[in-house]
Structures are given as C-alpha cells and as structure tokens.
file start-v7.pdb (PDB, C-alpha atoms)
ATOM      1  CA  MET A 215     125.805  68.445 181.526
ATOM      2  CA  PRO A 216     125.418  69.345 177.826
ATOM      3  CA  ASP A 217     122.394  71.316 176.673
ATOM      4  CA  LEU A 218     120.296  68.612 174.997
ATOM      5  CA  THR A 219     118.304  71.231 173.078
ATOM      6  CA  LYS A 220     121.492  71.608 170.994
ATOM      7  CA  LEU A 221     121.312  68.018 169.724
ATOM      8  CA  PRO A 222     121.287  68.213 165.921
ATOM      9  CA  LEU A 223     118.294  66.060 165.074
ATOM     10  CA  SER A 224     117.925  65.848 161.277
ATOM     11  CA  VAL A 225     120.613  68.500 160.703
ATOM     12  CA  THR A 226     123.079  67.590 157.946
ATOM     13  CA  SER A 227     124.541  70.967 156.988
ATOM     14  CA  PHE A 228     127.906  71.841 158.531
ATOM     15  CA  ARG A 229     126.983  75.495 158.116
ATOM     16  CA  ASP A 230     123.892  74.920 160.318
ATOM     17  CA  PHE A 231     126.033  73.231 162.986
ATOM     18  CA  ALA A 232     128.367  76.219 163.083
ATOM     19  CA  ALA A 233     125.694  78.935 162.876
ATOM     20  CA  ASN A 234     123.528  77.462 165.632
ATOM     21  CA  ALA A 235     126.289  76.207 167.957
ATOM     22  CA  LEU A 236     124.876  72.693 167.830
ATOM     23  CA  ILE A 237     126.610  69.689 169.366
ATOM     24  CA  TYR A 238     129.185  68.465 166.827
ATOM     25  CA  VAL A 239     131.619  65.571 167.213
ATOM     26  CA  ASP A 240     134.874  67.029 165.946
ATOM     27  CA  LYS A 241     136.338  64.693 163.354
ATOM     28  CA  THR A 242     137.887  67.454 161.291
ATOM     29  CA  ASP A 243     141.323  65.867 161.702
ATOM     30  CA  LEU A 244     139.967  62.926 159.678
ATOM     31  CA  VAL A 245     138.375  65.340 157.182
ATOM     32  CA  ALA A 246     141.807  66.917 156.644
ATOM     33  CA  ASP A 247     143.352  63.470 156.095
ATOM     34  CA  LEU A 248     140.677  62.542 153.538
ATOM     35  CA  ALA A 249     140.971  65.922 151.798
ATOM     36  CA  ARG A 250     144.712  65.397 151.275
ATOM     37  CA  PHE A 251     144.110  61.978 149.720
ATOM     38  CA  ARG A 252     144.492  62.564 145.969
ATOM     39  CA  ASN A 253     143.024  59.319 144.620
ATOM     40  CA  PRO A 254     139.343  58.468 144.294
ATOM     41  CA  PHE A 255     137.836  56.642 147.234
ATOM     42  CA  PHE A 256     134.497  55.053 147.961
ATOM     43  CA  LEU A 257     132.807  55.978 151.205
ATOM     44  CA  SER A 258     130.124  53.591 152.348
ATOM     45  CA  ARG A 259     128.215  53.978 155.612
ATOM     46  CA  PRO A 260     124.797  52.799 156.824
ATOM     47  CA  ARG A 261     121.752  55.072 156.691
ATOM     48  CA  ARG A 262     121.731  57.957 159.185
ATOM     49  CA  PHE A 263     125.490  57.612 159.722
ATOM     50  CA  GLY A 264     126.659  61.096 158.717
ATOM     51  CA  LYS A 265     127.433  60.831 154.993
ATOM     52  CA  SER A 266     125.546  64.030 154.131
ATOM     53  CA  THR A 267     127.156  65.877 157.038
ATOM     54  CA  LEU A 268     130.595  64.738 155.879
ATOM     55  CA  VAL A 269     129.931  65.921 152.313
ATOM     56  CA  SER A 270     128.620  69.226 153.689
ATOM     57  CA  THR A 271     131.796  69.582 155.767
ATOM     58  CA  PHE A 272     133.956  69.073 152.667
ATOM     59  CA  HIS A 273     131.810  71.580 150.773
ATOM     60  CA  GLU A 274     132.266  74.203 153.505
ATOM     61  CA  LEU A 275     136.013  73.562 153.783
ATOM     62  CA  PHE A 276     136.727  73.655 150.052
ATOM     63  CA  SER A 277     134.409  76.537 149.146
ATOM     64  CA  ASN A 278     134.876  78.849 152.158
ATOM     65  CA  GLY A 279     138.102  77.751 153.812
ATOM     66  CA  LEU A 280     138.561  77.651 157.566
ATOM     67  CA  ASP A 281     136.161  80.460 158.589
ATOM     68  CA  LYS A 282     133.579  78.184 160.255
ATOM     69  CA  PHE A 283     136.183  75.762 161.702
ATOM     70  CA  GLN A 284     137.905  78.070 164.203
ATOM     71  CA  GLU A 285     137.435  75.991 167.384
ATOM     72  CA  LEU A 286     137.877  72.619 165.681
ATOM     73  CA  LYS A 287     140.946  70.354 165.350
ATOM     74  CA  ILE A 288     141.526  71.211 161.702
ATOM     75  CA  VAL A 289     142.421  74.764 162.832
ATOM     76  CA  THR A 290     143.648  74.285 166.402
ATOM     77  CA  GLU A 291     146.115  71.601 165.293
ATOM     78  CA  ASN A 292     146.982  73.493 162.075
ATOM     79  CA  LEU A 293     145.983  70.585 159.819
ATOM     80  CA  TRP A 294     144.779  72.550 156.786
ATOM     81  CA  ASN A 295     146.059  75.587 154.904
ATOM     82  CA  ASP A 296     144.897  74.990 151.346
ATOM     83  CA  LYS A 297     143.090  77.518 149.159
ATOM     84  CA  THR A 298     139.378  77.535 148.336
ATOM     85  CA  TYR A 299     137.782  76.008 145.260
ATOM     86  CA  LYS A 300     134.567  76.142 143.292
ATOM     87  CA  VAL A 301     132.449  73.232 144.513
ATOM     88  CA  VAL A 302     129.798  71.380 142.536
ATOM     89  CA  HIS A 303     127.340  69.824 144.963
ATOM     90  CA  ILE A 304     124.945  67.266 143.514
ATOM     91  CA  ASP A 305     122.080  66.164 145.743
ATOM     92  CA  PHE A 306     120.453  63.042 144.316
ATOM     93  CA  SER A 307     117.540  63.379 146.727
ATOM     94  CA  GLN A 308     116.297  66.128 144.396
ATOM     95  CA  ILE A 309     115.511  63.465 141.799
ATOM     96  CA  LYS A 310     112.274  62.088 143.186
ATOM     97  CA  GLU A 311     110.522  59.792 140.754
ATOM     98  CA  ASN A 312     110.874  58.922 137.118
ATOM     99  CA  THR A 313     108.038  59.200 134.666
ATOM    100  CA  ALA A 314     107.752  58.662 130.941
ATOM    101  CA  ALA A 315     107.566  62.442 130.517
ATOM    102  CA  ARG A 316     110.701  63.027 132.618
ATOM    103  CA  PRO A 317     112.960  59.984 132.937
ATOM    104  CA  PHE A 318     115.973  59.827 135.259
ATOM    105  CA  GLU A 319     118.423  60.852 132.526
ATOM    106  CA  THR A 320     116.592  64.114 131.861
ATOM    107  CA  LYS A 321     116.290  64.934 135.562
ATOM    108  CA  PHE A 322     119.953  64.112 136.125
ATOM    109  CA  TYR A 323     120.998  66.359 133.237
ATOM    110  CA  LEU A 324     118.941  69.243 134.657
ATOM    111  CA  LEU A 325     120.387  68.623 138.129
ATOM    112  CA  LEU A 326     123.935  68.723 136.740
ATOM    113  CA  GLN A 327     123.148  71.887 134.802
ATOM    114  CA  SER A 328     121.788  73.577 137.938
ATOM    115  CA  ALA A 329     124.676  72.430 140.173
ATOM    116  CA  PHE A 330     127.391  73.557 137.757
ATOM    117  CA  LYS A 331     125.706  76.930 137.232
ATOM    118  CA  ALA A 332     125.349  77.456 141.009
ATOM    119  CA  ALA A 333     129.089  76.793 141.399
ATOM    120  CA  GLY A 334     129.926  79.415 138.774
ATOM    121  CA  PHE A 335     130.875  77.062 135.958
ATOM    122  CA  CYS A 336     129.705  77.347 132.395
ATOM    123  CA  PHE A 337     127.621  74.282 131.699
ATOM    124  CA  CYS A 338     128.184  73.976 127.970
ATOM    125  CA  SER A 339     125.608  71.635 126.531
ATOM    126  CA  GLN A 340     127.620  71.075 123.354
ATOM    127  CA  HIS A 341     130.031  68.977 125.443
ATOM    128  CA  LEU A 342     127.238  66.822 126.840
ATOM    129  CA  LYS A 343     124.626  64.992 124.934
ATOM    130  CA  GLN A 344     121.245  65.826 126.437
ATOM    131  CA  PRO A 345     119.140  62.722 126.996
ATOM    132  CA  VAL A 346     116.470  62.066 124.455
ATOM    133  CA  LEU A 347     112.946  61.559 125.704
ATOM    134  CA  ARG A 348     111.695  58.133 124.686
TER     135      ARG A 348
END
call {"tool": "encode", "arguments": {"input": "start-v7.pdb", "output": "structure tokens"}}
result
Amino acid sequence: MPDLTKLPLSVTSFRDFAANALIYVDKTDLVADLARFRNPFFLSRPRRFGKSTLVSTFHELFSNGLDKFQELKIVTENLWNDKTYKVVHIDFSQIKENTAARPFETKFYLLLQSAFKAAGFCFCSQHLKQPVLR
C-alpha cells in the first residue's frame, strides 16, 4: 500500500515532487509530446486540475533538462533529448488587487520586469512603454 503521507496536498512545484519523493502520476510522455508541438496551444482545465504543476514541469524540463526526471517515462522511454533554455515564468497570482495608486498595468509591467531579470534576460524598458498612472 502506498505511503499516504507522500500525497502532494497543495504541492504544485515539480521540483518539490522530485526532492521529496512525493506521489506523482507520471505523464511525462504527454509533456514530451506537448513540448515538441511548435505551434501555440491553449490549455484549459478546471480549478485544482494540475495546470500549475504542468507549467512547473515544463519549466524544470526546459531550464534544467532531464536531471530530475530519471525514473520517469520521458527518460526511461528516451522521449526527450533537447537542450536547455532560459525560461521566463510569470505567476499571475502575484498580482493581488488593483488600486488607483497601482493599477493592473503597472503591476503587470513590474512582474514582467522581475520575471525576465530572474531568467537572465535584459529587460530593456525602451522597447516597452511603461504604463502611465491615471
């Protein structure tokens, strides 16, 4: 019987799954299929249905390669051998509420600036028009 203390309640980070040996349903074969798809796609799922975990899995795969995937299908079935990339991760949950002093546009701009900088990109403000406070 599985150790139920390893159930990942409220865990959405793939890195946390791997580091803590939590129960993880291996769908990395589907992750590899989606990662090879070169056109934009829209992913819609109900609340609490694994969207954040999926995005975290892509982030781990693209930024760090296969290191944390060793016992999963993506490695055992040799489904992925691409290089790593700089990844810009934008978490909209960091934008809490809008006020007259800090509207959504300003918060979004600051979030983009922070995410691009964290990924090692130069966030050149001359290419983007910073929102004007109204």
call {"tool": "resolve_selection", "arguments": {"input": "start-v7.pdb", "expression": "the PyMOL selection byres ((chain A and resi 278-284) around 10)", "output": "short mmCIF file (atom, residue, chain, number, x, y, z; two decimals) with C-alpha atoms, keeping the file's coordinate frame"}}
result
data_model
loop_
_atom_site.label_atom_id
_atom_site.label_comp_id
_atom_site.auth_asym_id
_atom_site.auth_seq_id
_atom_site.Cartn_x
_atom_site.Cartn_y
_atom_site.Cartn_z
CA PHE A 228 127.91 71.84 158.53
CA ARG A 229 126.98 75.50 158.12
CA PHE A 231 126.03 73.23 162.99
CA ALA A 232 128.37 76.22 163.08
CA ALA A 233 125.69 78.94 162.88
CA ASP A 240 134.87 67.03 165.95
CA THR A 242 137.89 67.45 161.29
CA THR A 271 131.80 69.58 155.77
CA PHE A 272 133.96 69.07 152.67
CA HIS A 273 131.81 71.58 150.77
CA GLU A 274 132.27 74.20 153.50
CA LEU A 275 136.01 73.56 153.78
CA PHE A 276 136.73 73.66 150.05
CA SER A 277 134.41 76.54 149.15
CA GLU A 285 137.44 75.99 167.38
CA LEU A 286 137.88 72.62 165.68
CA LYS A 287 140.95 70.35 165.35
CA ILE A 288 141.53 71.21 161.70
CA VAL A 289 142.42 74.76 162.83
CA THR A 290 143.65 74.28 166.40
CA TRP A 294 144.78 72.55 156.79
CA ASN A 295 146.06 75.59 154.90
CA ASP A 296 144.90 74.99 151.35
CA LYS A 297 143.09 77.52 149.16
CA THR A 298 139.38 77.54 148.34
CA TYR A 299 137.78 76.01 145.26
CA LYS A 300 134.57 76.14 143.29
CA VAL A 301 132.45 73.23 144.51
#
call {"tool": "resolve_selection", "arguments": {"input": "start-v7.pdb", "expression": "the PyMOL selection byres ((chain A and resi 219-223) around 7)", "output": "count of residues only"}}
result
6
call {"tool": "axis_aligned_box", "arguments": {"input": "start-v7.pdb", "around": "region 286-298 of chain A", "padding_each_side": "4 Å", "output": "lines of an AutoDock Vina configuration file"}}
result
center_x = 142.4
center_y = 73.9
center_z = 157.4
size_x = 17.1
size_y = 15.2
size_z = 26.1
call {"tool": "atom_distance", "arguments": {"input": "start-v7.pdb", "atom1": "CA of Ser328 (chain A)", "atom2": "CA of Leu268 (chain A)"}}
result
21.9 Å
call {"tool": "atom_distance", "arguments": {"input": "start-v7.pdb", "atom1": "CA of Pro254 (chain A)", "atom2": "CA of Ser266 (chain A)"}}
result
17.8 Å
call {"tool": "atom_distance", "arguments": {"input": "start-v7.pdb", "atom1": "CA of Asp247 (chain A)", "atom2": "CA of Ala235 (chain A)"}}
result
24.4 Å
